[in-house]
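K.L.:
If it helps, the file is called model-v4.cif and holds mmCIF, C-alpha atoms and all ligand atoms:
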```
data_query
loop_
_atom_site.label_atom_id
_atom_site.label_comp_id
_atom_site.auth_asym_id
_atom_site.auth_seq_id
_atom_site.Cartn_x
_atom_site.Cartn_y
_atom_site.Cartn_z
CA MET A 1 -52.04 26.08 -21.36
CA ASN A 2 -53.46 24.02 -18.52
CA LYS A 3 -51.16 24.53 -15.53
CA GLU A 4 -52.47 21.60 -13.53
CA TRP A 5 -51.90 19.28 -16.50
CA LEU A 6 -48.34 20.61 -16.94
CA LYS A 7 -47.52 19.95 -13.29
CA LYS A 8 -48.65 16.34 -13.52
CA ALA A 9 -47.33 15.56 -17.00
CA TYR A 10 -43.72 14.69 -16.15
CA PRO A 11 -44.17 11.35 -14.34
CA GLU A 12 -46.92 10.42 -16.76
CA HIS A 13 -44.79 10.92 -19.87
CA PHE A 14 -41.15 10.45 -18.94
CA THR A 15 -38.81 7.79 -17.66
CA THR A 16 -37.57 8.47 -14.15
CA ALA A 17 -33.99 7.42 -15.07
CA PRO A 18 -32.56 10.97 -15.11
CA LYS A 19 -33.36 11.75 -11.47
CA LYS A 20 -35.55 14.86 -11.33
CA VAL A 21 -34.44 17.01 -8.42
CA THR A 22 -37.43 19.39 -8.16
CA ASN A 23 -40.99 19.33 -9.42
CA LEU A 24 -40.82 22.90 -10.71
CA VAL A 25 -42.24 23.65 -14.14
CA VAL A 26 -40.39 26.64 -15.46
CA GLU A 27 -41.38 28.79 -18.39
CA GLN A 28 -39.06 31.76 -18.28
CA ALA A 29 -35.72 32.82 -16.91
CA GLU A 30 -33.35 35.74 -16.80
CA GLY A 31 -29.89 36.15 -15.29
CA PRO A 32 -29.75 34.20 -12.03
CA TYR A 33 -33.52 33.64 -11.82
CA LEU A 34 -36.02 31.02 -12.99
CA HIS A 35 -39.76 31.75 -13.15
CA THR A 36 -42.26 28.95 -12.73
CA ILE A 37 -45.66 28.65 -14.39
CA ASP A 38 -47.12 29.58 -10.98
CA GLY A 39 -45.36 32.93 -11.12
CA GLU A 40 -42.76 32.06 -8.46
CA ARG A 41 -39.18 33.23 -8.82
CA TYR A 42 -36.26 30.97 -7.86
CA LEU A 43 -32.63 31.95 -7.52
CA ASP A 44 -30.85 29.38 -9.66
CA LEU A 45 -27.38 28.46 -8.38
CA VAL A 46 -27.31 25.40 -10.59
CA GLN A 47 -27.63 27.16 -13.98
CA GLY A 48 -28.36 24.14 -16.09
CA ILE A 49 -25.62 22.27 -14.16
CA ALA A 50 -22.74 24.73 -14.56
CA THR A 51 -23.74 25.60 -18.10
CA ASN A 52 -25.04 29.17 -18.27
CA ALA A 53 -21.81 30.99 -17.49
CA LEU A 54 -23.55 34.35 -17.84
CA GLY A 55 -26.91 33.33 -16.42
CA HIS A 56 -30.17 32.69 -18.23
CA CYS A 57 -31.02 34.46 -21.48
CA HIS A 58 -28.11 36.88 -21.50
CA PRO A 59 -29.16 39.52 -24.05
CA ALA A 60 -25.95 39.28 -26.14
CA LEU A 61 -26.19 35.50 -26.37
CA THR A 62 -29.91 35.51 -27.09
CA ALA A 63 -29.39 38.08 -29.85
CA ALA A 64 -26.53 36.07 -31.37
CA ALA A 65 -28.54 32.83 -31.25
CA SER A 66 -31.72 34.29 -32.70
CA ASN A 67 -29.82 36.17 -35.38
CA GLN A 68 -28.13 32.90 -36.34
CA LEU A 69 -31.45 31.05 -36.28
CA GLN A 70 -32.87 33.42 -38.84
CA LYS A 71 -29.93 32.94 -41.18
CA LEU A 72 -28.98 29.27 -40.88
CA GLY A 73 -30.27 26.58 -38.57
CA HIS A 74 -28.86 23.14 -39.22
CA ALA A 75 -26.80 22.17 -42.25
CA SER A 76 -24.21 19.80 -40.67
CA PHE A 77 -20.60 20.76 -40.20
CA ASN A 78 -19.77 17.42 -41.86
CA LEU A 79 -21.07 18.84 -45.10
CA VAL A 80 -20.40 22.58 -45.08
CA SER A 81 -18.61 25.19 -43.00
CA TYR A 82 -20.25 28.32 -41.63
CA PRO A 83 -18.98 31.48 -39.96
CA SER A 84 -20.22 30.87 -36.37
CA ALA A 85 -18.25 27.61 -36.03
CA LEU A 86 -15.15 28.96 -37.78
CA LEU A 87 -15.12 32.14 -35.71
CA LEU A 88 -15.68 30.26 -32.46
CA ALA A 89 -12.70 28.01 -33.23
CA ALA A 90 -10.51 31.04 -33.98
CA GLU A 91 -11.61 32.72 -30.74
CA LEU A 92 -11.16 29.58 -28.63
CA ARG A 93 -7.67 29.14 -30.00
CA LYS A 94 -6.62 32.37 -28.30
CA HIS A 95 -7.14 30.66 -24.94
CA THR A 96 -6.23 26.99 -25.38
CA GLY A 97 -2.51 27.25 -24.65
CA GLY A 98 -1.35 26.28 -28.14
CA LEU A 99 -3.97 23.60 -28.83
CA ASN A 100 -4.92 24.76 -32.27
CA LYS A 101 -7.29 22.26 -33.87
CA PHE A 102 -10.80 21.31 -32.85
CA LEU A 103 -13.57 18.80 -33.18
CA PHE A 104 -17.05 20.10 -32.38
CA THR A 105 -19.55 17.66 -30.88
CA ASN A 106 -22.75 18.07 -28.85
CA THR A 107 -22.45 16.90 -25.24
CA GLY A 108 -19.88 16.22 -22.56
CA ALA A 109 -20.20 12.46 -22.84
CA GLU A 110 -19.86 12.64 -26.60
CA VAL A 111 -16.63 14.59 -26.42
CA VAL A 112 -15.28 12.12 -23.86
CA GLU A 113 -16.00 9.34 -26.38
CA ALA A 114 -14.21 11.34 -29.04
CA GLY A 115 -11.20 11.88 -26.78
CA ILE A 116 -10.91 8.18 -25.97
CA LYS A 117 -11.28 7.24 -29.63
CA LEU A 118 -8.67 9.76 -30.76
CA ALA A 119 -6.23 8.65 -28.07
CA ARG A 120 -6.62 5.02 -29.04
CA TYR A 121 -6.46 5.80 -32.73
CA ILE A 122 -3.23 7.65 -32.68
CA SER A 123 -1.40 5.83 -29.89
CA GLY A 124 -2.41 2.32 -30.92
CA ASN A 125 -2.50 1.52 -27.19
CA HIS A 126 -5.79 0.48 -25.69
CA SER A 127 -5.41 0.95 -21.96
CA ILE A 128 -6.82 4.08 -20.36
CA ILE A 129 -6.11 5.31 -16.87
CA ALA A 130 -9.07 7.02 -15.23
CA PHE A 131 -9.69 8.12 -11.63
CA ARG A 132 -11.74 6.93 -8.75
CA GLY A 133 -14.28 9.68 -8.10
CA SER A 134 -14.26 11.15 -11.59
CA PHE A 135 -17.35 11.62 -13.71
CA HIS A 136 -17.26 11.73 -17.50
CA GLY A 137 -20.83 11.11 -18.66
CA ARG A 138 -23.47 8.50 -19.37
CA THR A 139 -22.62 6.95 -22.73
CA MET A 140 -20.90 3.58 -22.74
CA GLY A 141 -17.30 4.77 -23.15
CA ALA A 142 -17.80 7.69 -20.77
CA THR A 143 -19.43 5.40 -18.18
CA SER A 144 -16.50 3.02 -18.53
CA VAL A 145 -14.07 5.73 -17.37
CA THR A 146 -16.43 7.06 -14.68
CA GLY A 147 -15.62 6.16 -11.08
CA SER A 148 -17.73 8.62 -9.12
CA ASN A 149 -20.65 6.42 -8.14
CA ALA A 150 -21.34 2.73 -8.63
CA LYS A 151 -24.99 3.50 -9.41
CA PHE A 152 -23.88 5.06 -12.70
CA ARG A 153 -22.33 1.69 -13.63
CA LYS A 154 -24.82 -0.73 -12.08
CA HIS A 155 -26.18 -3.31 -14.55
CA TYR A 156 -24.34 -1.78 -17.51
CA SER A 157 -21.32 -4.06 -17.69
CA PRO A 158 -19.42 -5.22 -19.61
CA PHE A 159 -17.69 -1.88 -20.02
CA VAL A 160 -15.13 -0.75 -22.54
CA PRO A 161 -12.18 -2.93 -21.58
CA GLN A 162 -8.71 -1.92 -20.41
CA VAL A 163 -9.74 0.93 -18.14
CA TYR A 164 -7.80 1.19 -14.86
CA PHE A 165 -8.73 3.45 -11.99
CA ALA A 166 -6.12 5.37 -9.99
CA PRO A 167 -6.84 7.18 -6.71
CA TYR A 168 -7.73 10.87 -7.16
CA PRO A 169 -5.89 13.26 -4.84
CA TYR A 170 -8.89 14.03 -2.64
CA CYS A 171 -6.96 15.64 0.20
CA PHE A 172 -9.89 16.13 2.61
CA ARG A 173 -10.43 12.37 2.58
CA CYS A 174 -6.92 11.27 1.69
CA PRO A 175 -6.95 7.50 1.25
CA PHE A 176 -3.34 7.50 2.49
CA HIS A 177 -4.14 9.56 5.60
CA GLN A 178 -1.77 12.36 4.74
CA ARG A 179 -2.23 16.08 5.27
CA PRO A 180 -1.73 18.50 2.37
CA GLU A 181 1.11 20.24 4.30
CA ASN A 182 3.27 17.11 4.44
CA CYS A 183 1.81 15.11 1.59
CA SER A 184 4.22 13.03 -0.43
CA ILE A 185 1.64 12.30 -3.13
CA ASP A 186 1.31 8.64 -2.23
CA CYS A 187 -1.72 8.50 -4.51
CA LEU A 188 0.61 8.97 -7.47
CA LYS A 189 3.05 6.43 -6.06
CA TYR A 190 0.14 4.01 -5.90
CA LEU A 191 -0.38 4.45 -9.64
CA LEU A 192 3.33 3.98 -10.31
CA ASP A 193 3.23 0.84 -8.22
CA ASP A 194 0.35 -0.40 -10.36
CA PHE A 195 2.65 -0.17 -13.38
CA GLU A 196 4.58 -3.04 -11.83
CA HIS A 197 1.60 -5.08 -10.67
CA ILE A 198 -1.34 -4.53 -12.98
CA ILE A 199 -0.95 -1.93 -15.74
CA PRO A 200 1.84 -2.44 -18.29
CA PRO A 201 2.65 1.19 -19.18
CA GLU A 202 3.52 0.11 -22.73
CA ASP A 203 -0.19 -0.65 -23.25
CA VAL A 204 -1.47 2.69 -21.98
CA GLY A 205 -2.74 5.17 -24.57
CA ALA A 206 -4.11 7.90 -22.35
CA VAL A 207 -4.83 9.25 -18.91
CA ILE A 208 -8.20 10.98 -18.50
CA PHE A 209 -8.28 13.42 -15.59
CA GLU A 210 -10.53 16.19 -14.31
CA PRO A 211 -8.16 19.00 -13.26
CA VAL A 212 -10.89 20.01 -10.82
CA MET A 213 -13.24 17.17 -10.00
CA GLY A 214 -16.89 18.06 -10.58
CA GLU A 215 -19.65 15.56 -9.85
CA GLY A 216 -17.28 13.54 -7.62
CA GLY A 217 -17.09 16.35 -5.06
CA TYR A 218 -15.59 19.62 -6.33
CA VAL A 219 -12.11 18.46 -5.38
CA ILE A 220 -8.99 20.47 -6.20
CA PRO A 221 -5.87 18.39 -6.63
CA PRO A 222 -2.57 19.69 -5.22
CA GLY A 223 -0.42 21.38 -7.85
CA LYS A 224 2.46 19.02 -7.17
CA TYR A 225 0.22 16.05 -7.99
CA VAL A 226 -0.89 17.47 -11.35
CA GLU A 227 2.70 18.38 -12.20
CA ALA A 228 3.89 14.88 -11.35
CA LEU A 229 1.05 13.29 -13.31
CA GLY A 230 2.02 15.39 -16.34
CA ARG A 231 5.61 14.20 -15.94
CA VAL A 232 4.54 10.55 -15.74
CA CYS A 233 2.54 11.01 -18.96
CA ARG A 234 5.44 12.67 -20.77
CA GLU A 235 7.98 10.10 -19.65
CA ASN A 236 5.78 7.17 -20.64
CA GLY A 237 4.30 8.65 -23.82
CA PHE A 238 0.70 8.64 -22.50
CA LEU A 239 -1.66 11.23 -23.92
CA LEU A 240 -2.92 13.44 -21.12
CA ILE A 241 -6.63 14.19 -21.50
CA PHE A 242 -8.12 16.92 -19.30
CA ASP A 243 -11.88 16.72 -19.00
CA GLU A 244 -12.83 20.36 -18.46
CA VAL A 245 -16.46 19.87 -19.36
CA GLN A 246 -17.40 21.34 -15.96
CA SER A 247 -14.29 23.29 -14.96
CA GLY A 248 -13.72 25.06 -18.29
CA MET A 249 -14.96 28.38 -19.69
CA GLY A 250 -14.03 30.59 -16.77
CA ARG A 251 -15.70 28.60 -13.98
CA THR A 252 -12.48 28.42 -11.92
CA GLY A 253 -11.49 32.05 -12.47
CA ARG A 254 -9.26 31.12 -15.41
CA MET A 255 -10.56 30.37 -18.86
CA PHE A 256 -9.43 26.78 -18.26
CA ALA A 257 -8.53 25.05 -15.01
CA PHE A 258 -5.28 23.75 -16.53
CA GLU A 259 -3.93 27.32 -16.23
CA HIS A 260 -3.88 26.94 -12.43
CA PHE A 261 -1.41 24.09 -12.80
CA GLY A 262 0.75 25.39 -15.63
CA ILE A 263 0.15 22.24 -17.66
CA VAL A 264 -1.45 22.15 -21.08
CA PRO A 265 -2.95 18.70 -21.73
CA ASP A 266 -2.60 16.85 -25.03
CA LEU A 267 -6.36 16.69 -25.40
CA LEU A 268 -8.73 19.20 -23.83
CA LEU A 269 -12.42 18.33 -23.52
CA LEU A 270 -14.99 21.10 -23.17
CA GLY A 271 -18.76 20.95 -22.86
CA LYS A 272 -21.51 22.52 -20.76
CA ALA A 273 -20.74 26.28 -20.88
CA VAL A 274 -18.83 26.24 -24.16
CA GLY A 275 -22.05 26.65 -26.18
CA GLY A 276 -23.40 29.53 -24.09
CA GLY A 277 -26.25 27.34 -22.85
CA TYR A 278 -26.82 25.46 -26.10
CA PRO A 279 -25.63 21.90 -26.79
CA LEU A 280 -22.02 22.03 -27.87
CA SER A 281 -18.84 20.28 -26.86
CA VAL A 282 -15.31 20.70 -28.09
CA LEU A 283 -12.22 18.52 -28.35
CA ALA A 284 -9.04 20.57 -28.68
CA ALA A 285 -5.59 19.22 -29.50
CA ASN A 286 -2.57 20.41 -31.39
CA ARG A 287 -2.19 20.02 -35.11
CA ASP A 288 0.33 17.14 -34.86
CA ILE A 289 -2.20 15.04 -32.98
CA MET A 290 -5.36 16.08 -34.82
CA ASP A 291 -3.84 15.60 -38.25
CA LYS A 292 -3.25 11.93 -37.48
CA TRP A 293 -7.01 11.43 -37.36
CA PRO A 294 -7.94 10.84 -40.99
CA PRO A 295 -11.14 11.95 -42.75
CA GLY A 296 -14.08 9.71 -41.92
CA SER A 297 -12.64 8.29 -38.70
CA HIS A 298 -15.08 10.27 -36.54
CA GLY A 299 -18.03 12.61 -37.00
CA SER A 300 -21.43 13.82 -35.84
CA THR A 301 -24.60 15.02 -37.59
CA PHE A 302 -25.28 17.90 -35.22
CA GLY A 303 -21.77 18.58 -33.86
CA GLY A 304 -20.96 22.30 -34.03
CA HIS A 305 -24.57 23.41 -34.53
CA PRO A 306 -24.60 26.99 -35.92
CA VAL A 307 -26.83 28.34 -33.14
CA ALA A 308 -24.76 26.84 -30.32
CA CYS A 309 -21.59 28.16 -31.96
CA ALA A 310 -23.08 31.66 -32.33
CA ALA A 311 -24.11 31.74 -28.65
CA GLY A 312 -20.77 30.24 -27.58
CA LEU A 313 -18.90 32.86 -29.57
CA ALA A 314 -20.91 35.75 -28.10
CA GLN A 315 -20.26 34.40 -24.62
CA LEU A 316 -16.54 33.88 -25.21
CA GLN A 317 -16.22 37.46 -26.42
CA ILE A 318 -17.59 38.60 -23.05
CA ILE A 319 -15.79 36.23 -20.71
CA GLY A 320 -12.56 36.64 -22.69
CA GLU A 321 -12.51 40.41 -22.11
CA PRO A 322 -9.54 41.62 -20.09
CA GLY A 323 -10.50 41.82 -16.44
CA PHE A 324 -13.43 39.42 -16.60
CA MET A 325 -11.54 36.45 -15.13
CA LYS A 326 -10.06 38.68 -12.43
CA SER A 327 -13.59 39.60 -11.36
CA VAL A 328 -14.58 35.91 -11.25
CA ASP A 329 -11.52 35.13 -9.18
CA ALA A 330 -12.14 38.00 -6.76
CA LYS A 331 -15.84 37.23 -6.32
CA GLY A 332 -15.08 33.54 -5.88
CA GLU A 333 -12.51 34.27 -3.21
CA TRP A 334 -14.88 36.61 -1.42
CA PHE A 335 -17.59 33.93 -1.50
CA ARG A 336 -15.21 31.25 -0.19
CA ASN A 337 -14.23 33.55 2.67
CA GLN A 338 -17.90 33.93 3.56
CA LEU A 339 -18.23 30.15 3.56
CA ILE A 340 -15.12 29.85 5.74
CA ALA A 341 -16.66 32.34 8.20
CA LEU A 342 -19.77 30.16 8.21
CA GLN A 343 -17.62 27.11 8.86
CA ARG A 344 -16.24 28.76 12.02
CA ARG A 345 -19.77 28.91 13.39
CA HIS A 346 -20.90 25.54 12.07
CA PRO A 347 -18.48 22.66 12.55
CA GLU A 348 -20.86 20.61 10.40
CA ILE A 349 -19.00 22.22 7.50
CA GLY A 350 -15.97 19.97 7.38
CA ASP A 351 -14.37 21.56 4.36
CA VAL A 352 -14.74 24.65 2.18
CA ARG A 353 -13.01 24.39 -1.15
CA GLY A 354 -13.03 25.88 -4.58
CA LEU A 355 -11.36 27.88 -7.29
CA GLY A 356 -12.97 30.96 -8.79
CA MET A 357 -16.70 30.36 -8.90
CA MET A 358 -16.47 26.56 -8.60
CA ASN A 359 -17.03 26.21 -4.85
CA ALA A 360 -18.38 23.67 -2.42
CA ILE A 361 -18.91 22.87 1.24
CA GLU A 362 -18.60 19.33 2.55
CA LEU A 363 -20.99 18.47 5.40
CA VAL A 364 -19.72 16.12 8.08
CA LYS A 365 -20.92 14.47 11.28
CA PRO A 366 -19.01 15.09 14.53
CA ASP A 367 -16.84 12.04 13.77
CA GLY A 368 -15.96 13.43 10.32
CA GLU A 369 -18.13 10.95 8.42
CA PRO A 370 -20.15 12.37 5.50
CA ASP A 371 -23.43 13.92 6.61
CA THR A 372 -25.86 13.44 3.74
CA GLU A 373 -28.89 14.24 5.87
CA ARG A 374 -27.46 17.61 6.81
CA ALA A 375 -26.75 18.40 3.15
CA ASN A 376 -30.29 17.41 2.21
CA SER A 377 -31.81 19.50 4.98
CA LEU A 378 -29.82 22.57 3.82
CA VAL A 379 -30.90 21.99 0.21
CA ALA A 380 -34.51 21.74 1.45
CA HIS A 381 -34.16 24.89 3.53
CA LEU A 382 -32.78 26.86 0.60
CA PHE A 383 -35.49 25.46 -1.63
CA SER A 384 -38.10 26.67 0.86
CA ARG A 385 -36.51 30.12 0.44
CA ARG A 386 -36.64 29.68 -3.33
CA ILE A 387 -32.97 29.06 -3.91
CA LEU A 388 -31.85 26.11 -6.00
CA ILE A 389 -28.59 24.36 -5.14
CA TYR A 390 -27.20 20.97 -5.98
CA THR A 391 -25.24 18.34 -4.13
CA CYS A 392 -22.39 16.17 -5.38
CA GLY A 393 -20.01 13.47 -4.16
CA VAL A 394 -20.75 9.78 -3.80
CA LYS A 395 -22.59 10.35 -0.50
CA GLY A 396 -24.38 13.50 -1.65
CA ASN A 397 -22.97 15.38 1.37
CA ILE A 398 -21.25 18.10 -0.64
CA ILE A 399 -23.11 21.21 -1.70
CA ARG A 400 -21.72 22.77 -4.86
CA PHE A 401 -22.37 26.32 -5.96
CA MET A 402 -22.55 27.04 -9.67
CA PRO A 403 -23.90 30.60 -9.91
CA PRO A 404 -23.54 32.66 -13.08
CA LEU A 405 -20.02 34.07 -13.22
CA ASN A 406 -21.49 37.58 -13.43
CA ILE A 407 -23.83 37.24 -10.43
CA GLU A 408 -24.02 40.26 -8.13
CA GLN A 409 -22.12 39.84 -4.89
CA GLY A 410 -25.16 41.05 -2.92
CA ILE A 411 -27.14 38.03 -4.09
CA LEU A 412 -24.45 35.67 -2.86
CA GLU A 413 -24.42 37.55 0.44
CA SER A 414 -28.09 36.73 0.97
CA VAL A 415 -27.42 33.07 0.04
CA VAL A 416 -24.81 32.86 2.81
CA GLU A 417 -27.27 34.38 5.31
CA ILE A 418 -29.97 31.89 4.35
CA LEU A 419 -27.48 29.02 4.54
CA ASP A 420 -26.50 30.20 8.01
CA GLU A 421 -30.14 30.19 9.05
CA GLY A 422 -30.47 26.67 7.57
CA PHE A 423 -28.20 25.22 10.25
CA SER A 424 -30.46 26.32 13.10
CA VAL A 425 -33.62 25.39 11.23
CA SER A 426 -32.32 21.84 11.11
CA GLY A 427 -31.99 21.92 14.90
CA ILE A 428 -28.25 21.89 15.51
CA GLU A 429 -26.69 24.13 18.17
CA LYS A 430 -24.55 26.96 16.82
CA LYS A 431 -21.04 27.48 18.08
CA GLU A 432 -20.15 31.00 19.21
CA ALA A 433 -18.66 33.00 16.35
C1 LIG A 501 -16.43 16.58 -16.06
C2 LIG A 501 -17.62 16.11 -16.85
N1 LIG A 501 -17.42 15.40 -17.97
C3 LIG A 501 -18.44 14.97 -18.72
C4 LIG A 501 -19.75 15.23 -18.36
C5 LIG A 501 -20.89 14.74 -19.20
O1 LIG A 501 -21.51 15.80 -19.83
P1 LIG A 501 -22.96 15.62 -20.50
O2 LIG A 501 -23.94 15.47 -19.41
O3 LIG A 501 -23.13 16.88 -21.31
O4 LIG A 501 -22.88 14.42 -21.37
C6 LIG A 501 -20.00 15.97 -17.20
C7 LIG A 501 -21.37 16.25 -16.76
O5 LIG A 501 -21.67 16.59 -15.66
C8 LIG A 501 -18.91 16.43 -16.42
O6 LIG A 501 -19.09 17.13 -15.30
#
```
Could you express the structure from this file as structure tokens?

P.N.:
Amino acid sequence: MNKEWLKKAYPEHFTTAPKKVTNLVVEQAEGPYLHTIDGERYLDLVQGIATNALGHCHPALTAAASNQLQKLGHASFNLVSYPSALLLAAELRKHTGGLNKFLFTNTGAEVVEAGIKLARYISGNHSIIAFRGSFHGRTMGATSVTGSNAKFRKHYSPFVPQVYFAPYPYCFRCPFHQRPENCSIDCLKYLLDDFEHIIPPEDVGAVIFEPVMGEGGYVIPPGKYVEALGRVCRENGFLLIFDEVQSGMGRTGRMFAFEHFGIVPDLLLLGKAVGGGYPLSVLAANRDIMDKWPPGSHGSTFGGHPVACAAGLAQLQIIGEPGFMKSVDAKGEWFRNQLIALQRRHPEIGDVRGLGMMNAIELVKPDGEPDTERANSLVAHLFSRRILIYTCGVKGNIIRFMPPLNIEQGILESVVEILDEGFSVSGIEKKEA
């Protein structure tokens, strides 16, 4: 293998459309670490973009996947059933709050498409309410309900029609200038007002909502907002779709983020981590809904691939063990407290937020405006220390942390130290602790 050729091959052979964040060529990984072809080791706090819940090449998942590979690769779940998919469904059902039937697909965007199609199919109503700031994927339907960044939509119109965007309750940058302590959820009132001006509720089939916003900025909505949104859906007969492609599978310290809000959606969308690092996505709904979707109305050649299901099952058996979520919660809280301590020394950190191990810091200028440069300089500093992190938010001024859920606390401790150092490296005076 010619290393120099490998390092130059990407721009020569690939479109630049999916923005490549590093030029690393990686050939091996384990747990929280990636190893490049040059023999360098990087701490990976991105994990395939919040996908490897237990880190790279977890032995139990690798064994389950390779065992499955030797018995049955692809046969198509459209044609036959096989144990790994059936067992994964049965295991998932223990956690989905009563949602007891599933569709298995391949990617996050694909399951968003499926959710929109199912909602339209069974409600007969075409309008969808989505949220400013939310991200749902890159296919046409998913892009149509995505409001996180205009560049994801640029030059792709016309979109799937009848999508309306409501404000997301992004409290740190509340569009209604309220504070969480005295908030009267004006963002929801704005939506209700739209029912009189723009959106006839009789035409609405579904509301698609990220119970914790991912790509748009790792934003946690207030509980009272989510409760009220659920009520609006119930009262108007809208199907409530929770996109938990990023927040699901233990990331927030609960198996699913909906548990934080005490609301089970009508349709639950899972992706990323659900396949234990292999391509799998899942639509969950209850029997009454799913059974209205007749044979042949949807499908996928690869959906529910045996290997992805085997890895997903092995992972679920680990993260579903009693005590596992508690440990995620505790470690996440400890990490957030470290970030809050860092914020006391560095006012450039405008906000620290998160649930479980889905955490972020928002970098701001002295006037509170987003500081993208600062975020980039911290990413560059960490990269120079061989730590990979990722930004999010429309301005790219939010750093999100997506470590494996089972990462050792000591490793996170060193990340905080290096982050701390990153503020002085970029030349800004430190406040006294
Ligand atoms: C909440 C959410 N939904 C959908 C998607 C799309 O998933 P995929 O990239 O697998 O299509 C993502 C990806 O980041 C996501 O975060």

K.L.:
Between A:Leu388, A:Cys233, A:Val394, A:Cys309, single out the one closest to Tyr42 of chain A, counting all atoms listed in the file.

P.N.:
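Closest residue, counting all atoms listed in the file: A:Leu388.
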
K.L.:
Please find the residues contacting ligand LIG 501 (chain A) at a distance of at most 7 Å between atoms, with all atoms listed in the file counted, and report them as a PyMOL selection string.

P.N.:
chain A and resi 107-110+112+135-138+210+213-215+243-246+271-272

K.L.:
If I take atom CA of Cys174 of chain A and atom CA of Pro200 of chain A, how far is one from the other in Å, to one decimal?

P.N.:
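Value for the atom CA of Cys174 of chain A-atom CA of Pro200 of chain A distance: 25.8 Å.
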
K.L.:
Gly253 of chain A: which residues within 9 Å, counting only C-alpha atoms, same-chain residues fewer than 3 positions away excluded, as a list in words?

P.N.:
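Surrounding residues, per the criterion: Met249, Gly250, Phe256, Ala257, Phe324, Met325, Lys326, Ser327, Val328, Asp329, Ala330, Gly332, Leu355, Gly356, Met357, Met358 and Leu405 of chain A.
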
K.L.:
If we count only C-alpha atoms and set the cut-off at 10 Å, which residues sit around segment 359-364 of chain A, ignoring sequence neighbours fewer than 4 positions away in its own chain? Please answer as a count of residues only.

P.N.:
47

K.L.:
Give me the segment 162-243 of chain A side of the contact with segment 144-152 of chain A, cut-off 8 Å, one line per residue showing its nearest atom pair and distance in Å at one decimal, counting only C-alpha atoms, sorted by chain and residue number, as a Markdown table.

P.N.:
```
| residue | atom | partner | partner_atom | distance |
| --- | --- | --- | --- | --- |
| A:Val163 | CA | A:Val145 | CA | 6.5 |
| A:Phe165 | CA | A:Gly147 | CA | 7.5 |
| A:Ile208 | CA | A:Val145 | CA | 8.0 |
| A:Glu215 | CA | A:Ser148 | CA | 7.2 |
| A:Gly216 | CA | A:Ser148 | CA | 5.2 |
```

K.L.:
Measuring atom to atom with only C-alpha atoms, identify which of A:Ile198, A:Leu61, A:Val232, A:Ala380 is nearest to Val21 of chain A.

P.N.:
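That would be A:Ala380, the residue with the smallest distance to Val21 of chain A.
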
K.L.:
In Å to one decimal, how far is atom CA of Arg386 of chain A from atom CA of His56 of chain A?

P.N.:
16.5 Å

K.L.:
Take segment 216-248 of chain A from the preceding structure and save C-alpha atoms as an mmCIF file, in the first residue's frame.

P.N.:
```cif
data_model
loop_
_atom_site.group_PDB
_atom_site.id
_atom_site.type_symbol
_atom_site.label_atom_id
_atom_site.label_comp_id
_atom_site.auth_asym_id
_atom_site.auth_seq_id
_atom_site.Cartn_x
_atom_site.Cartn_y
_atom_site.Cartn_z
ATOM 1 C CA GLY A 216 -28.545 22.838 14.763
ATOM 2 C CA GLY A 217 -26.638 23.414 18.013
ATOM 3 C CA TYR A 218 -27.152 20.754 20.703
ATOM 4 C CA VAL A 219 -30.139 22.633 22.065
ATOM 5 C CA ILE A 220 -32.312 21.262 24.865
ATOM 6 C CA PRO A 221 -35.892 22.475 24.793
ATOM 7 C CA PRO A 222 -37.613 23.347 28.081
ATOM 8 C CA GLY A 223 -39.803 20.531 29.380
ATOM 9 C CA LYS A 224 -42.844 22.787 29.432
ATOM 10 C CA TYR A 225 -42.409 23.455 25.712
ATOM 11 C CA VAL A 226 -42.257 19.767 24.782
ATOM 12 C CA GLU A 227 -45.256 19.039 27.000
ATOM 13 C CA ALA A 228 -47.251 21.832 25.387
ATOM 14 C CA LEU A 229 -46.233 20.723 21.898
ATOM 15 C CA GLY A 230 -47.440 17.202 22.714
ATOM 16 C CA ARG A 231 -50.745 18.662 23.886
ATOM 17 C CA VAL A 232 -51.159 20.709 20.700
ATOM 18 C CA CYS A 233 -50.558 17.548 18.651
ATOM 19 C CA ARG A 234 -53.068 15.517 20.663
ATOM 20 C CA GLU A 235 -55.738 18.204 20.568
ATOM 21 C CA ASN A 236 -55.389 18.719 16.820
ATOM 22 C CA GLY A 237 -54.829 15.088 15.819
ATOM 23 C CA PHE A 238 -51.296 15.709 14.458
ATOM 24 C CA LEU A 239 -48.892 12.791 14.540
ATOM 25 C CA LEU A 240 -45.903 13.705 16.675
ATOM 26 C CA ILE A 241 -42.648 12.483 15.115
ATOM 27 C CA PHE A 242 -39.511 12.576 17.258
ATOM 28 C CA ASP A 243 -36.314 12.444 15.251
ATOM 29 C CA GLU A 244 -33.922 10.742 17.669
ATOM 30 C CA VAL A 245 -31.413 9.790 15.016
ATOM 31 C CA GLN A 246 -28.747 11.645 17.018
ATOM 32 C CA SER A 247 -30.224 11.800 20.528
ATOM 33 C CA GLY A 248 -31.329 8.160 20.752
#
```
